[in-house]
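Undergrad: This is the structure, below, for whatever I ask next.
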Amino acid sequence: MKKLGILAGVAGLALAAVLTAPTAGSADDSKLEQLKAQGFARVAIANEPPYTAVAADGKVSGAAPDVAREIFKRLGVGDIVASISEYGAMIPGLQAGRFDVVTAGLFMKPERCAAVAYSEPVLCDAEAMLVKKGNPKGFKSYEDVAKDTSATIGAPGGGTEEKLALNAGVPRERVIVVPDGQSGLKMLQDGRIDAYSLPVLSINDLVKKANDPNLEVIAPVQGAPVYCDGAAFKKGDEALRDAYDVELAKLKKSGEFAKIIEPYGFSAAAAMSTTRDKLCAAK
Ligand code: 6CS
């Protein structure tokens, strides 16, 4: 009897294990089911127009959230709820479960591709520098800033431009972390920094709204790559990312993708001319 009892016990454990273990893919699929039940996807944004923007009434717009809202709707997730985050905090926030996805123009680079599950490309852009009219220090590249030992450059914390300036040899103390576009603009206008670097479309948006004749845009920054972002999902949510990619591909194919992003100044052709694999492998 005892032997039977032990066997029954082992069999019981085995059966319990089988019943509770997720079948292949089911663990992944549950994330989309969870978002459908939740009724919204929590997205991280930076509030950097035209990539992402939050109006005074809280309305979220910008090319990245607009694409995400449309795709999630097609996946059966009613809406998106956005939280503003510094670029450098987006991936840790995603990994900590504070967001379901980053839709903020978070450019694909190998180190980021290793940390998240990116969708296929969405928004592509070159880099720019905002300087005083006449470009008094003659900046054309991040290396030019490095060579001028008195020069300082502002850039987003944990952002691509900060990394590009540091990699070009600008010492840490001359790369000033700037929380947002308006702060960067003011710091440049007040002479507290000699240049402020963001992607071209973000700098152009700032200048258009600043209405200040004493500003000049250096674009593209010589030697800096054209980057593309994708929606960034947590590692482990690849099934959700894959479902997102299916809808993204349909949007691209139907022309609706261009209708969403091109009014903001982005090129659909640029995003459709490359792939996640190529961008994540880029040096
Ligand atoms: O991906 C990034 O790090 C950069 N992306 C945008 C849209 N703006 C600045 C940021 O550094």
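Letters for chains follow the order of the structure tokens (A, B, ...), residue numbers begin at 1 for each chain, and ligand numbers begin at 1 in the order shown.
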If we count only C-alpha atoms, what is near Tyr227 in chain A at a cut-off of 7 Å, once residues fewer than 5 positions away on the same chain are taken out, given as a list in words?
TA: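 My list of contacting residues is Phe107, Met108, Cys124, Asp125 and Ala126 of chain A.
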Undergrad: Which residues are near range 210-217 of chain A? Cut-off 10 Å, only C-alpha atoms, ignore same chain within fewer than 2 positions. Put them as a PDB file with all heavy atoms, in the first residue's frame.
TA:
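Dumped to result.pdb:
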ATOM      1  N   ALA A 128      21.243  66.522 -34.723  1.00  0.00           N
ATOM      2  CA  ALA A 128      21.431  67.957 -34.958  1.00  0.00           C
ATOM      3  C   ALA A 128      22.027  68.606 -33.710  1.00  0.00           C
ATOM      4  O   ALA A 128      22.015  68.029 -32.620  1.00  0.00           O
ATOM      5  CB  ALA A 128      20.097  68.621 -35.287  1.00  0.00           C
ATOM      6  N   MET A 129      22.576  69.809 -33.906  1.00  0.00           N
ATOM      7  CA  MET A 129      23.010  70.643 -32.779  1.00  0.00           C
ATOM      8  C   MET A 129      22.373  72.019 -32.938  1.00  0.00           C
ATOM      9  O   MET A 129      22.334  72.568 -34.046  1.00  0.00           O
ATOM     10  CB  MET A 129      24.542  70.850 -32.813  1.00  0.00           C
ATOM     11  CG  MET A 129      25.351  69.734 -32.275  1.00  0.00           C
ATOM     12  SD  MET A 129      27.059  70.332 -32.158  1.00  0.00           S
ATOM     13  CE  MET A 129      27.935  68.807 -32.526  1.00  0.00           C
ATOM     14  N   LEU A 130      21.886  72.535 -31.832  1.00  0.00           N
ATOM     15  CA  LEU A 130      21.374  73.908 -31.825  1.00  0.00           C
ATOM     16  C   LEU A 130      22.486  74.795 -31.261  1.00  0.00           C
ATOM     17  O   LEU A 130      23.059  74.485 -30.200  1.00  0.00           O
ATOM     18  CB  LEU A 130      20.128  73.990 -30.949  1.00  0.00           C
ATOM     19  CG  LEU A 130      19.393  75.323 -30.904  1.00  0.00           C
ATOM     20  CD1 LEU A 130      18.903  75.726 -32.288  1.00  0.00           C
ATOM     21  CD2 LEU A 130      18.220  75.255 -29.933  1.00  0.00           C
ATOM     22  N   VAL A 131      22.830  75.842 -31.999  1.00  0.00           N
ATOM     23  CA  VAL A 131      23.908  76.750 -31.544  1.00  0.00           C
ATOM     24  C   VAL A 131      23.437  78.194 -31.732  1.00  0.00           C
ATOM     25  O   VAL A 131      22.371  78.443 -32.304  1.00  0.00           O
ATOM     26  CB  VAL A 131      25.207  76.521 -32.360  1.00  0.00           C
ATOM     27  CG1 VAL A 131      25.775  75.133 -32.092  1.00  0.00           C
ATOM     28  CG2 VAL A 131      24.963  76.742 -33.858  1.00  0.00           C
ATOM     29  N   LYS A 132      24.227  79.135 -31.261  1.00  0.00           N
ATOM     30  CA  LYS A 132      23.919  80.565 -31.443  1.00  0.00           C
ATOM     31  C   LYS A 132      24.116  80.903 -32.929  1.00  0.00           C
ATOM     32  O   LYS A 132      24.968  80.296 -33.605  1.00  0.00           O
ATOM     33  CB  LYS A 132      24.861  81.429 -30.586  1.00  0.00           C
ATOM     34  CG  LYS A 132      24.540  81.434 -29.078  1.00  0.00           C
ATOM     35  CD  LYS A 132      23.380  82.328 -28.770  1.00  0.00           C
ATOM     36  CE  LYS A 132      22.962  82.341 -27.311  1.00  0.00           C
ATOM     37  NZ  LYS A 132      23.921  82.980 -26.389  1.00  0.00           N
ATOM     38  N   LYS A 133      23.355  81.871 -33.390  1.00  0.00           N
ATOM     39  CA  LYS A 133      23.424  82.304 -34.788  1.00  0.00           C
ATOM     40  C   LYS A 133      24.884  82.540 -35.182  1.00  0.00           C
ATOM     41  O   LYS A 133      25.637  83.155 -34.417  1.00  0.00           O
ATOM     42  CB  LYS A 133      22.617  83.611 -34.936  1.00  0.00           C
ATOM     43  CG  LYS A 133      22.451  84.056 -36.377  1.00  0.00           C
ATOM     44  CD  LYS A 133      21.236  83.401 -36.976  1.00  0.00           C
ATOM     45  CE  LYS A 133      21.042  83.792 -38.451  1.00  0.00           C
ATOM     46  NZ  LYS A 133      20.306  82.727 -39.168  1.00  0.00           N
ATOM     47  N   GLY A 134      25.252  82.079 -36.371  1.00  0.00           N
ATOM     48  CA  GLY A 134      26.627  82.271 -36.834  1.00  0.00           C
ATOM     49  C   GLY A 134      27.556  81.157 -36.403  1.00  0.00           C
ATOM     50  O   GLY A 134      28.717  81.111 -36.804  1.00  0.00           O
ATOM     51  N   ASN A 135      27.043  80.240 -35.574  1.00  0.00           N
ATOM     52  CA  ASN A 135      27.840  79.084 -35.102  1.00  0.00           C
ATOM     53  C   ASN A 135      29.251  79.543 -34.663  1.00  0.00           C
ATOM     54  O   ASN A 135      30.267  79.146 -35.257  1.00  0.00           O
ATOM     55  CB  ASN A 135      27.952  78.043 -36.230  1.00  0.00           C
ATOM     56  CG  ASN A 135      28.549  76.724 -35.762  1.00  0.00           C
ATOM     57  OD1 ASN A 135      28.778  76.501 -34.566  1.00  0.00           O
ATOM     58  ND2 ASN A 135      28.835  75.852 -36.722  1.00  0.00           N
ATOM     59  N   GLN A 182      12.797  72.338 -23.723  1.00  0.00           N
ATOM     60  CA  GLN A 182      12.689  73.743 -23.314  1.00  0.00           C
ATOM     61  C   GLN A 182      13.868  74.162 -22.424  1.00  0.00           C
ATOM     62  O   GLN A 182      14.381  75.267 -22.539  1.00  0.00           O
ATOM     63  CB  GLN A 182      11.355  73.975 -22.578  1.00  0.00           C
ATOM     64  CG  GLN A 182      10.132  73.947 -23.511  1.00  0.00           C
ATOM     65  CD  GLN A 182      10.267  74.896 -24.703  1.00  0.00           C
ATOM     66  OE1 GLN A 182      10.728  76.035 -24.567  1.00  0.00           O
ATOM     67  NE2 GLN A 182       9.893  74.437 -25.882  1.00  0.00           N
ATOM     68  N   LEU A 185      16.918  74.616 -24.677  1.00  0.00           N
ATOM     69  CA  LEU A 185      16.810  75.874 -25.446  1.00  0.00           C
ATOM     70  C   LEU A 185      17.189  77.058 -24.565  1.00  0.00           C
ATOM     71  O   LEU A 185      18.025  77.901 -24.936  1.00  0.00           O
ATOM     72  CB  LEU A 185      15.374  76.024 -25.949  1.00  0.00           C
ATOM     73  CG  LEU A 185      15.002  77.321 -26.654  1.00  0.00           C
ATOM     74  CD1 LEU A 185      15.744  77.436 -27.978  1.00  0.00           C
ATOM     75  CD2 LEU A 185      13.489  77.388 -26.884  1.00  0.00           C
ATOM     76  N   LYS A 186      16.639  77.081 -23.358  1.00  0.00           N
ATOM     77  CA  LYS A 186      16.876  78.218 -22.417  1.00  0.00           C
ATOM     78  C   LYS A 186      18.362  78.274 -22.037  1.00  0.00           C
ATOM     79  O   LYS A 186      18.978  79.339 -22.009  1.00  0.00           O
ATOM     80  CB  LYS A 186      15.996  78.014 -21.186  1.00  0.00           C
ATOM     81  CG  LYS A 186      16.031  79.113 -20.143  1.00  0.00           C
ATOM     82  CD  LYS A 186      15.085  80.258 -20.519  1.00  0.00           C
ATOM     83  CE  LYS A 186      14.977  81.334 -19.418  1.00  0.00           C
ATOM     84  NZ  LYS A 186      16.255  82.005 -19.106  1.00  0.00           N
ATOM     85  N   LEU A 188      20.878  77.269 -23.735  1.00  0.00           N
ATOM     86  CA  LEU A 188      21.652  77.776 -24.876  1.00  0.00           C
ATOM     87  C   LEU A 188      21.450  79.282 -25.013  1.00  0.00           C
ATOM     88  O   LEU A 188      22.413  80.050 -25.130  1.00  0.00           O
ATOM     89  CB  LEU A 188      21.222  77.074 -26.170  1.00  0.00           C
ATOM     90  CG  LEU A 188      22.049  77.512 -27.388  1.00  0.00           C
ATOM     91  CD1 LEU A 188      23.349  76.706 -27.441  1.00  0.00           C
ATOM     92  CD2 LEU A 188      21.289  77.372 -28.684  1.00  0.00           C
ATOM     93  N   GLN A 189      20.212  79.714 -24.935  1.00  0.00           N
ATOM     94  CA  GLN A 189      19.915  81.157 -25.069  1.00  0.00           C
ATOM     95  C   GLN A 189      20.614  81.966 -23.974  1.00  0.00           C
ATOM     96  O   GLN A 189      21.073  83.089 -24.219  1.00  0.00           O
ATOM     97  CB  GLN A 189      18.397  81.393 -25.007  1.00  0.00           C
ATOM     98  CG  GLN A 189      17.646  80.891 -26.232  1.00  0.00           C
ATOM     99  CD  GLN A 189      16.136  80.888 -26.046  1.00  0.00           C
ATOM    100  OE1 GLN A 189      15.634  80.553 -24.957  1.00  0.00           O
ATOM    101  NE2 GLN A 189      15.398  81.238 -27.084  1.00  0.00           N
ATOM    102  N   ALA A 195      26.165  74.360 -27.131  1.00  0.00           N
ATOM    103  CA  ALA A 195      25.391  73.616 -28.134  1.00  0.00           C
ATOM    104  C   ALA A 195      24.406  72.738 -27.382  1.00  0.00           C
ATOM    105  O   ALA A 195      24.655  72.355 -26.230  1.00  0.00           O
ATOM    106  CB  ALA A 195      26.313  72.757 -29.004  1.00  0.00           C
ATOM    107  N   TYR A 196      23.289  72.446 -28.075  1.00  0.00           N
ATOM    108  CA  TYR A 196      22.300  71.533 -27.492  1.00  0.00           C
ATOM    109  C   TYR A 196      21.976  70.516 -28.560  1.00  0.00           C
ATOM    110  O   TYR A 196      21.615  70.882 -29.690  1.00  0.00           O
ATOM    111  CB  TYR A 196      21.052  72.313 -27.074  1.00  0.00           C
ATOM    112  CG  TYR A 196      19.933  71.432 -26.533  1.00  0.00           C
ATOM    113  CD1 TYR A 196      20.192  70.438 -25.582  1.00  0.00           C
ATOM    114  CD2 TYR A 196      18.612  71.592 -26.964  1.00  0.00           C
ATOM    115  CE1 TYR A 196      19.181  69.635 -25.080  1.00  0.00           C
ATOM    116  CE2 TYR A 196      17.600  70.795 -26.477  1.00  0.00           C
ATOM    117  CZ  TYR A 196      17.883  69.815 -25.537  1.00  0.00           C
ATOM    118  OH  TYR A 196      16.877  69.017 -25.055  1.00  0.00           O
ATOM    119  N   SER A 197      22.104  69.220 -28.262  1.00  0.00           N
ATOM    120  CA  SER A 197      21.952  68.202 -29.309  1.00  0.00           C
ATOM    121  C   SER A 197      20.749  67.291 -29.069  1.00  0.00           C
ATOM    122  O   SER A 197      20.557  66.742 -27.985  1.00  0.00           O
ATOM    123  CB  SER A 197      23.224  67.342 -29.400  1.00  0.00           C
ATOM    124  OG  SER A 197      23.144  66.500 -30.533  1.00  0.00           O
ATOM    125  N   VAL A 200      17.290  65.712 -35.420  1.00  0.00           N
ATOM    126  CA  VAL A 200      16.979  66.863 -36.279  1.00  0.00           C
ATOM    127  C   VAL A 200      15.546  67.346 -36.101  1.00  0.00           C
ATOM    128  O   VAL A 200      15.296  68.544 -35.890  1.00  0.00           O
ATOM    129  CB  VAL A 200      17.228  66.494 -37.763  1.00  0.00           C
ATOM    130  CG1 VAL A 200      16.747  67.600 -38.690  1.00  0.00           C
ATOM    131  CG2 VAL A 200      18.702  66.209 -37.999  1.00  0.00           C
ATOM    132  N   ILE A 203      14.974  69.183 -32.772  1.00  0.00           N
ATOM    133  CA  ILE A 203      15.596  70.524 -32.758  1.00  0.00           C
ATOM    134  C   ILE A 203      14.778  71.474 -33.637  1.00  0.00           C
ATOM    135  O   ILE A 203      14.480  72.618 -33.249  1.00  0.00           O
ATOM    136  CB  ILE A 203      17.055  70.459 -33.231  1.00  0.00           C
ATOM    137  CG1 ILE A 203      17.936  69.783 -32.173  1.00  0.00           C
ATOM    138  CG2 ILE A 203      17.596  71.847 -33.585  1.00  0.00           C
ATOM    139  CD1 ILE A 203      18.202  70.598 -30.920  1.00  0.00           C
ATOM    140  N   ASN A 204      14.374  70.997 -34.813  1.00  0.00           N
ATOM    141  CA  ASN A 204      13.587  71.866 -35.712  1.00  0.00           C
ATOM    142  C   ASN A 204      12.268  72.289 -35.063  1.00  0.00           C
ATOM    143  O   ASN A 204      11.825  73.438 -35.186  1.00  0.00           O
ATOM    144  CB  ASN A 204      13.310  71.149 -37.035  1.00  0.00           C
ATOM    145  CG  ASN A 204      14.549  71.061 -37.916  1.00  0.00           C
ATOM    146  OD1 ASN A 204      15.554  71.734 -37.650  1.00  0.00           O
ATOM    147  ND2 ASN A 204      14.513  70.203 -38.925  1.00  0.00           N
ATOM    148  N   ASP A 205      11.677  71.367 -34.317  1.00  0.00           N
ATOM    149  CA  ASP A 205      10.401  71.693 -33.646  1.00  0.00           C
ATOM    150  C   ASP A 205      10.619  72.767 -32.591  1.00  0.00           C
ATOM    151  O   ASP A 205       9.842  73.715 -32.466  1.00  0.00           O
ATOM    152  CB  ASP A 205       9.834  70.425 -33.004  1.00  0.00           C
ATOM    153  CG  ASP A 205       8.447  70.650 -32.391  1.00  0.00           C
ATOM    154  OD1 ASP A 205       7.464  70.563 -33.135  1.00  0.00           O
ATOM    155  OD2 ASP A 205       8.380  70.982 -31.189  1.00  0.00           O
ATOM    156  N   LEU A 206      11.726  72.640 -31.850  1.00  0.00           N
ATOM    157  CA  LEU A 206      12.061  73.635 -30.813  1.00  0.00           C
ATOM    158  C   LEU A 206      12.261  75.017 -31.427  1.00  0.00           C
ATOM    159  O   LEU A 206      11.741  76.025 -30.959  1.00  0.00           O
ATOM    160  CB  LEU A 206      13.357  73.220 -30.107  1.00  0.00           C
ATOM    161  CG  LEU A 206      13.284  72.327 -28.887  1.00  0.00           C
ATOM    162  CD1 LEU A 206      14.692  72.051 -28.379  1.00  0.00           C
ATOM    163  CD2 LEU A 206      12.420  72.939 -27.791  1.00  0.00           C
ATOM    164  N   VAL A 207      13.025  75.052 -32.524  1.00  0.00           N
ATOM    165  CA  VAL A 207      13.364  76.335 -33.164  1.00  0.00           C
ATOM    166  C   VAL A 207      12.113  76.996 -33.725  1.00  0.00           C
ATOM    167  O   VAL A 207      11.901  78.203 -33.565  1.00  0.00           O
ATOM    168  CB  VAL A 207      14.420  76.100 -34.273  1.00  0.00           C
ATOM    169  CG1 VAL A 207      14.578  77.339 -35.142  1.00  0.00           C
ATOM    170  CG2 VAL A 207      15.753  75.713 -33.654  1.00  0.00           C
ATOM    171  N   LYS A 208      11.256  76.172 -34.318  1.00  0.00           N
ATOM    172  CA  LYS A 208      10.011  76.707 -34.913  1.00  0.00           C
ATOM    173  C   LYS A 208       9.167  77.404 -33.826  1.00  0.00           C
ATOM    174  O   LYS A 208       8.628  78.486 -34.045  1.00  0.00           O
ATOM    175  CB  LYS A 208       9.224  75.545 -35.538  1.00  0.00           C
ATOM    176  CG  LYS A 208       8.046  75.955 -36.415  1.00  0.00           C
ATOM    177  CD  LYS A 208       7.444  74.750 -37.132  1.00  0.00           C
ATOM    178  CE  LYS A 208       6.887  73.742 -36.107  1.00  0.00           C
ATOM    179  NZ  LYS A 208       6.374  72.506 -36.735  1.00  0.00           N
ATOM    180  N   ALA A 219      22.754  70.675 -38.925  1.00  0.00           N
ATOM    181  CA  ALA A 219      22.122  69.372 -39.192  1.00  0.00           C
ATOM    182  C   ALA A 219      22.491  68.912 -40.599  1.00  0.00           C
ATOM    183  O   ALA A 219      22.443  69.711 -41.529  1.00  0.00           O
ATOM    184  CB  ALA A 219      20.605  69.496 -39.081  1.00  0.00           C
ATOM    185  N   PRO A 220      22.892  67.656 -40.802  1.00  0.00           N
ATOM    186  CA  PRO A 220      23.100  66.682 -39.746  1.00  0.00           C
ATOM    187  C   PRO A 220      24.458  66.900 -39.076  1.00  0.00           C
ATOM    188  O   PRO A 220      25.351  67.484 -39.703  1.00  0.00           O
ATOM    189  CB  PRO A 220      23.076  65.352 -40.484  1.00  0.00           C
ATOM    190  CG  PRO A 220      23.612  65.681 -41.852  1.00  0.00           C
ATOM    191  CD  PRO A 220      23.134  67.080 -42.150  1.00  0.00           C
ATOM    192  N   VAL A 221      24.604  66.403 -37.874  1.00  0.00           N
ATOM    193  CA  VAL A 221      25.915  66.441 -37.211  1.00  0.00           C
ATOM    194  C   VAL A 221      26.838  65.492 -37.984  1.00  0.00           C
ATOM    195  O   VAL A 221      26.499  64.315 -38.200  1.00  0.00           O
ATOM    196  CB  VAL A 221      25.808  66.007 -35.733  1.00  0.00           C
ATOM    197  CG1 VAL A 221      27.190  65.925 -35.096  1.00  0.00           C
ATOM    198  CG2 VAL A 221      24.911  66.973 -34.961  1.00  0.00           C
TER     199      VAL A 221
END
Undergrad: Would you list the residues that come within 10 Å of ligand 1? Count only C-alpha atoms and all ligand atoms and give the answer as number ranges by chain.
TA: A: 45-52, 64, 86-88, 90, 103-109, 112, 123-125, 127, 155-164, 180-181, 197-203, 227-230
Undergrad: Determine the nearest neighbour of Cys113 in chain A from the options A:Lys235, A:Ile260, A:Phe266, A:Ile80, counting only C-alpha atoms.
TA: A:Lys235
Undergrad: Mind checking which residues fall within 9 Å of Val77 in chain A, counting only C-alpha atoms, ignoring those fewer than 2 positions away in the same chain, and posting them as a short mmCIF file (atom, residue, chain, number, x, y, z; two decimals) with C-alpha atoms, in the first residue's frame?
TA:
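Okay, part_18.cif is ready:
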data_model
loop_
_atom_site.label_atom_id
_atom_site.label_comp_id
_atom_site.auth_asym_id
_atom_site.auth_seq_id
_atom_site.Cartn_x
_atom_site.Cartn_y
_atom_site.Cartn_z
CA LEU A 32 -1.52 40.52 -24.69
CA GLU A 33 -4.53 38.96 -22.95
CA LEU A 35 -3.41 44.19 -21.73
CA LYS A 36 -6.76 43.47 -23.39
CA ALA A 37 -8.30 42.87 -19.97
CA GLN A 38 -6.55 45.97 -18.61
CA GLY A 39 -8.01 48.00 -21.49
CA PHE A 40 -4.82 49.95 -22.11
CA ALA A 41 -1.06 49.62 -22.57
CA ARG A 69 -2.30 53.60 -30.21
CA ILE A 71 -1.57 49.10 -33.39
CA PHE A 72 -2.83 48.33 -29.89
CA LYS A 73 -6.37 49.14 -31.01
CA ARG A 74 -5.99 46.54 -33.77
CA LEU A 75 -4.69 44.07 -31.20
CA ASP A 79 -5.93 52.76 -25.56
CA ILE A 80 -2.53 53.77 -24.28
#
Undergrad: From a backbone DSSP assignment, name each residue in range 151-283 of chain A labelled strand (DSSP E or B), as a list in words.
TA: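 Written out, the strand (DSSP E or B) residues of range 151-283 of chain A are Ile153, Gly154, Ala155, Val175, Ile176, Val177, Ala195, Tyr196, Ser197, Leu198, Pro199, Leu215, Glu216, Val217, Ile218, Gln222, Tyr227, Cys228, Asp229, Ala232, Phe233 and Lys234 of chain A.
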Undergrad: Would you mind exporting N, CA and C atoms of the selected residues as a PDB file, in the first residue's frame?
TA:
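selection.pdb, written as the output of this step:
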ATOM      1  N   ILE A 153      28.301  70.979 -24.141  1.00  0.00           N
ATOM      2  CA  ILE A 153      27.177  70.558 -24.992  1.00  0.00           C
ATOM      3  C   ILE A 153      26.109  69.941 -24.106  1.00  0.00           C
ATOM      4  N   GLY A 154      24.851  70.311 -24.351  1.00  0.00           N
ATOM      5  CA  GLY A 154      23.732  69.768 -23.582  1.00  0.00           C
ATOM      6  C   GLY A 154      23.108  68.608 -24.347  1.00  0.00           C
ATOM      7  N   ALA A 155      22.642  67.595 -23.593  1.00  0.00           N
ATOM      8  CA  ALA A 155      22.022  66.427 -24.228  1.00  0.00           C
ATOM      9  C   ALA A 155      21.161  65.716 -23.193  1.00  0.00           C
ATOM     10  N   VAL A 175      29.772  67.581 -20.851  1.00  0.00           N
ATOM     11  CA  VAL A 175      28.505  67.101 -21.412  1.00  0.00           C
ATOM     12  C   VAL A 175      27.446  67.312 -20.341  1.00  0.00           C
ATOM     13  N   ILE A 176      26.564  68.275 -20.579  1.00  0.00           N
ATOM     14  CA  ILE A 176      25.600  68.695 -19.562  1.00  0.00           C
ATOM     15  C   ILE A 176      24.272  67.965 -19.782  1.00  0.00           C
ATOM     16  N   VAL A 177      23.813  67.232 -18.788  1.00  0.00           N
ATOM     17  CA  VAL A 177      22.534  66.527 -18.905  1.00  0.00           C
ATOM     18  C   VAL A 177      21.393  67.538 -18.828  1.00  0.00           C
ATOM     19  N   ALA A 195      26.165  74.360 -27.131  1.00  0.00           N
ATOM     20  CA  ALA A 195      25.391  73.616 -28.134  1.00  0.00           C
ATOM     21  C   ALA A 195      24.406  72.738 -27.382  1.00  0.00           C
ATOM     22  N   TYR A 196      23.289  72.446 -28.075  1.00  0.00           N
ATOM     23  CA  TYR A 196      22.300  71.533 -27.492  1.00  0.00           C
ATOM     24  C   TYR A 196      21.976  70.516 -28.560  1.00  0.00           C
ATOM     25  N   SER A 197      22.104  69.220 -28.262  1.00  0.00           N
ATOM     26  CA  SER A 197      21.952  68.202 -29.309  1.00  0.00           C
ATOM     27  C   SER A 197      20.749  67.291 -29.069  1.00  0.00           C
ATOM     28  N   LEU A 198      19.957  67.176 -30.109  1.00  0.00           N
ATOM     29  CA  LEU A 198      18.806  66.270 -30.177  1.00  0.00           C
ATOM     30  C   LEU A 198      18.703  65.811 -31.627  1.00  0.00           C
ATOM     31  N   PRO A 199      17.815  64.864 -31.925  1.00  0.00           N
ATOM     32  CA  PRO A 199      17.592  64.523 -33.332  1.00  0.00           C
ATOM     33  C   PRO A 199      17.085  65.736 -34.118  1.00  0.00           C
ATOM     34  N   LEU A 215      19.320  81.934 -33.187  1.00  0.00           N
ATOM     35  CA  LEU A 215      19.594  80.492 -33.100  1.00  0.00           C
ATOM     36  C   LEU A 215      19.973  79.961 -34.474  1.00  0.00           C
ATOM     37  N   GLU A 216      20.763  78.901 -34.507  1.00  0.00           N
ATOM     38  CA  GLU A 216      21.135  78.239 -35.768  1.00  0.00           C
ATOM     39  C   GLU A 216      21.178  76.730 -35.543  1.00  0.00           C
ATOM     40  N   VAL A 217      20.705  76.017 -36.553  1.00  0.00           N
ATOM     41  CA  VAL A 217      20.674  74.549 -36.462  1.00  0.00           C
ATOM     42  C   VAL A 217      21.794  73.960 -37.322  1.00  0.00           C
ATOM     43  N   ILE A 218      22.627  73.141 -36.701  1.00  0.00           N
ATOM     44  CA  ILE A 218      23.661  72.403 -37.452  1.00  0.00           C
ATOM     45  C   ILE A 218      23.087  70.997 -37.672  1.00  0.00           C
ATOM     46  N   GLN A 222      27.964  66.013 -38.447  1.00  0.00           N
ATOM     47  CA  GLN A 222      28.884  65.208 -39.263  1.00  0.00           C
ATOM     48  C   GLN A 222      29.375  63.993 -38.464  1.00  0.00           C
ATOM     49  N   TYR A 227      19.668  57.220 -37.031  1.00  0.00           N
ATOM     50  CA  TYR A 227      19.129  56.177 -36.155  1.00  0.00           C
ATOM     51  C   TYR A 227      17.647  55.962 -36.458  1.00  0.00           C
ATOM     52  N   CYS A 228      17.168  54.792 -36.074  1.00  0.00           N
ATOM     53  CA  CYS A 228      15.722  54.526 -36.111  1.00  0.00           C
ATOM     54  C   CYS A 228      15.302  53.939 -34.765  1.00  0.00           C
ATOM     55  N   ASP A 229      14.104  54.272 -34.330  1.00  0.00           N
ATOM     56  CA  ASP A 229      13.597  53.640 -33.109  1.00  0.00           C
ATOM     57  C   ASP A 229      12.682  52.477 -33.495  1.00  0.00           C
ATOM     58  N   ALA A 232       9.778  49.373 -27.862  1.00  0.00           N
ATOM     59  CA  ALA A 232      10.668  48.500 -27.070  1.00  0.00           C
ATOM     60  C   ALA A 232       9.861  47.752 -26.022  1.00  0.00           C
ATOM     61  N   PHE A 233       9.890  46.420 -26.116  1.00  0.00           N
ATOM     62  CA  PHE A 233       9.160  45.554 -25.183  1.00  0.00           C
ATOM     63  C   PHE A 233      10.148  44.879 -24.241  1.00  0.00           C
ATOM     64  N   LYS A 234       9.628  44.439 -23.093  1.00  0.00           N
ATOM     65  CA  LYS A 234      10.445  43.738 -22.106  1.00  0.00           C
ATOM     66  C   LYS A 234      10.869  42.392 -22.691  1.00  0.00           C
TER      67      LYS A 234
END
Undergrad: Report the distance between CA of Val81 in chain A and CA of Gly97 in chain A in Å, rounded to one decimal place.
TA: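 These two atoms are separated by 14.1 Å.
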Undergrad: Residues within 9 Å of Leu240 in chain A, please, as a PyMOL selection string. Count only C-alpha atoms; anything in the same chain fewer than 5 positions from it doesn't count.
TA: chain A and resi 28-32+233+245
Undergrad: For Asp148 in chain A, please output as number ranges by chain all residues within 10 Å (counting only C-alpha atoms; exclusion window: fewer than 2 positions along the same chain).
TA: A: 137-139, 143-146, 150-152, 170
